[in-house]
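Encoded as structure tokens, the structure appears first; notes follow it.
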Amino acid sequence: MKKKCYLRVSILKMNSSVILIVIVIYFLVLLCISAITGRKNTSNEAFFLGNRQSPWFIVSIGMIGSSLSGVSFVSVPGLVGTSDMTYMQMVFGFFFGYVVIALVLLPLYYRLKLTSIYEYLKSRLGEGSYKTGASFFLLSKLLGAAARLYLVTLILQVCVFDRWGWPFAATVAVSILLVWLYTFRSGIRTIIWTDTLQALCLVAMLIVIIWQLKEHIGLDFSGMIQTIADSPHSRIFEFGDWSSRQHFVKQFLSGIFIPIVMTGLDQDMMQKNLSCRNLREARKNMYVYGAAFAPINFLFLCLGILMITFGEKMNVALPDVGDDILPMLCTSGLLGQPILIFFTIGIIAAAFSSADSALTALTTSFCVDILGMKDLDAAKAKRTRLNVHVLISVVFAAIILLFRALNDSSVIDAIYTIASYTYGPLLGLFVFGLFTKHKIIDSAVLPVCIVAPSLCFALDFLTSRFTGYRFGYELLMLNGLLTFTGLWAFRKKNCSTLNINH
């Protein structure tokens, strides 16, 4: 069933040429940055780790952009209509997850001087765990990044390319080609700087759009604060209904574990951290990055309340689908053409900041973890990396098209649901490696990591059918626990070894 898209109502009112011009200018700026950072830095070391010379504060800003992406820009404000501001409960938990990463995982990664974080699984648990962990990352990142870019390319399609009869598949192909062009030379070395630009654009556009909405509603600054505070959607905490997916305990605990797996056990995000000069700077980056999450997400939710207030005051019928509300308001002409330009910059920044780092991380993991490229000579390794970069781009585009065909829910909810199933085995593998002294029977690792999420899916289905209780993002913790239990059952009982973390 095709997703009903209210953006089409406003196509005739907007200037698609303006959007196209903004896209071209923005992309040319990214190409210039790529040319500067990529000059004489096209080696695999530069592509994978930026020669370990990235300034920590630049990395921190860039990671904010990668994490927020188009999902936060469009979906988080849309959550307000259905779940108020309860998303903040999860955001509060995020910071504690980042502290765990800084104190537990980063020291381990730096001490082992890893290129891919999944190399730890090989040295600690064996080849089977290593390949399985890397494979689950590749699956997780492909699905999650596809969900993020899908939302943005859909907006571009409806805002610009539908009017010219341009097919959606071509929009996806062009978007990924643009990302490939400014990342294929220097990878993470370029991304550190382009993502910083894109993060600043994203936050700046958020503030501008909030301010313009305030003006159109006819509020001064204090009036805006009061309107948000008095809104029935300003509810943050849910303590009453245990069956609700928005219950505080579920959201907060999920908020702790989600960054641990989606950042700390994710090659995409950790690759940026590993490009810092040393552990001390990487920890600074993680603390600042974690602390910035709460105020930025709070602003996104405030934007959601202002959008609803604007619709009520101006008698504007808002879309039923939360992901459609902000694009409709910004492209309909109701807020003026400047907002259209600001929205375009924000959405393009969101698209590229998530897609470029995902593409680079997927290339890195496939080259290092699956192909074992470290054993090749420099020239052959570079050719292999370029070929893999192309291959991953093609697969990425195919997954986006598949996601569009299947998706019928909020994208941010879809991403966290995907993470609950695909990152759970990674959580179980790393916890087993860090907190036990055992090796695992190599041939049992993959079956355990397949059975655990399968059991989670079955349990969620049966529980919801017979009790009415629906699991939320706590499925991630359950998935990790089942994986850990399965690994424990297949441990090598007579081959105990010292934990490499000790």
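Just remember, in the structure tokens the first chain shown is A, the second B, etc., residues are 1-based per chain, and ligands are 1-based in the order shown.
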
As a count of residues only, list the residues of range 224-443 of chain A assigned to helix (DSSP H, G or I) by DSSP on the backbone atoms of this structure. 171

Within 6 Å of Gly480 in chain A, counting only C-alpha atoms, which residues show up once you throw out same-chain ones fewer than 4 positions away? Write them as number ranges by chain, please. A: 424-425, 427-428

Considering only C-alpha atoms, can you say which of A:Met90, A:Leu79, A:Leu177, A:Val74 comes closest to Leu206 in chain A?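 Of all the options, A:Val74 lies closest to Leu206 in chain A.
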
Between A:Val91, A:Leu303, A:Leu455, A:Leu181, which is the closest to Ile33 in chain A once you count only C-alpha atoms? A:Leu181
